[in-house]
Amino acid sequence: MAKVDISLDAGLVVEVMVLAGIGSPQDAVEAVVRDYIARGHRTEARVQAQDAARRDGELPEPPPQG
């Protein structure tokens, strides 16, 4: 897989390392990025499941917003 080098604020990276409990700056940032992507995939799957249930008449339509 191709690699990309980026520059980040050191304070931001240290905070990520502390919150993630990971000692390596690169590993900590990579873990956060992977988690962000996984969370996006879970959200997409949940929305698709809700849409499918609405199409099949299993869930009531939500009230209009606004």
# chains A, B, ... in the order shown; residues from 1 in each chain; ligands from 1
>>> residues_around(residues="Val4 in chain A", least_positions_apart="3", cutoff="12 Å", atoms="only C-alpha atoms", output="number ranges by chain")
A: 1, 7, 26, 30
>>> write_last_selection(atoms="all heavy atoms", output="tab-separated table (two decimals), in the first residue's frame")
chain	number	residue	atom	x	y	z
A	1	MET	N	0.84	-1.16	0.00
A	1	MET	CA	0.00	0.00	0.00
A	1	MET	C	0.89	1.24	0.00
A	1	MET	O	1.92	1.28	0.68
A	1	MET	CB	-0.90	-0.02	1.24
A	1	MET	CG	-1.81	1.19	1.31
A	1	MET	SD	-2.85	1.29	2.78
A	1	MET	CE	-3.86	-0.14	2.59
A	7	SER	N	2.35	16.53	7.82
A	7	SER	CA	2.79	17.24	9.01
A	7	SER	C	1.56	17.59	9.84
A	7	SER	O	0.56	18.06	9.31
A	7	SER	CB	3.52	18.52	8.63
A	7	SER	OG	4.69	18.22	7.91
A	26	GLN	N	2.84	7.77	14.85
A	26	GLN	CA	2.27	7.29	13.59
A	26	GLN	C	1.17	6.27	13.84
A	26	GLN	O	0.10	6.32	13.22
A	26	GLN	CB	3.35	6.69	12.70
A	26	GLN	CG	2.75	6.22	11.37
A	26	GLN	CD	3.82	5.95	10.34
A	26	GLN	OE1	4.92	6.48	10.43
A	26	GLN	NE2	3.49	5.14	9.35
A	30	GLU	N	-2.76	6.73	12.88
A	30	GLU	CA	-3.33	5.71	11.99
A	30	GLU	C	-4.54	5.04	12.63
A	30	GLU	O	-5.55	4.81	11.97
A	30	GLU	CB	-2.28	4.66	11.64
A	30	GLU	CG	-2.80	3.62	10.65
A	30	GLU	CD	-1.72	2.63	10.23
A	30	GLU	OE1	-0.52	2.93	10.35
A	30	GLU	OE2	-2.11	1.54	9.78
>>> residues_around(residues="Val16 in chain A", least_positions_apart="4", cutoff="8 Å", atoms="only C-alpha atoms", output="mmCIF file with N, CA, C and O atoms, in the first residue's frame")
data_model
loop_
_atom_site.group_PDB
_atom_site.id
_atom_site.type_symbol
_atom_site.label_atom_id
_atom_site.label_comp_id
_atom_site.auth_asym_id
_atom_site.auth_seq_id
_atom_site.Cartn_x
_atom_site.Cartn_y
_atom_site.Cartn_z
ATOM 1 N N LEU A 12 -1.443 18.222 18.914
ATOM 2 C CA LEU A 12 -2.561 17.397 18.460
ATOM 3 C C LEU A 12 -2.173 15.919 18.469
ATOM 4 O O LEU A 12 -2.924 15.069 18.948
ATOM 5 N N ALA A 20 -5.532 7.634 22.853
ATOM 6 C CA ALA A 20 -5.558 6.289 22.282
ATOM 7 C C ALA A 20 -4.724 5.309 23.098
ATOM 8 O O ALA A 20 -4.858 4.094 22.924
ATOM 9 N N ALA A 28 -0.683 5.948 16.509
ATOM 10 C CA ALA A 28 -1.835 6.595 17.141
ATOM 11 C C ALA A 28 -2.706 7.304 16.105
ATOM 12 O O ALA A 28 -3.926 7.151 16.092
ATOM 13 N N VAL A 29 -2.071 8.060 15.222
ATOM 14 C CA VAL A 29 -2.833 8.774 14.196
ATOM 15 C C VAL A 29 -3.473 7.785 13.230
ATOM 16 O O VAL A 29 -4.632 7.943 12.834
ATOM 17 N N VAL A 32 -6.614 6.355 14.784
ATOM 18 C CA VAL A 32 -7.728 7.312 14.757
ATOM 19 C C VAL A 32 -8.339 7.370 13.358
ATOM 20 O O VAL A 32 -9.564 7.358 13.203
#
>>> atom_distance(atom1="CA of Ala2 in chain A", atom2="CA of Pro25 in chain A")
18.7 Å
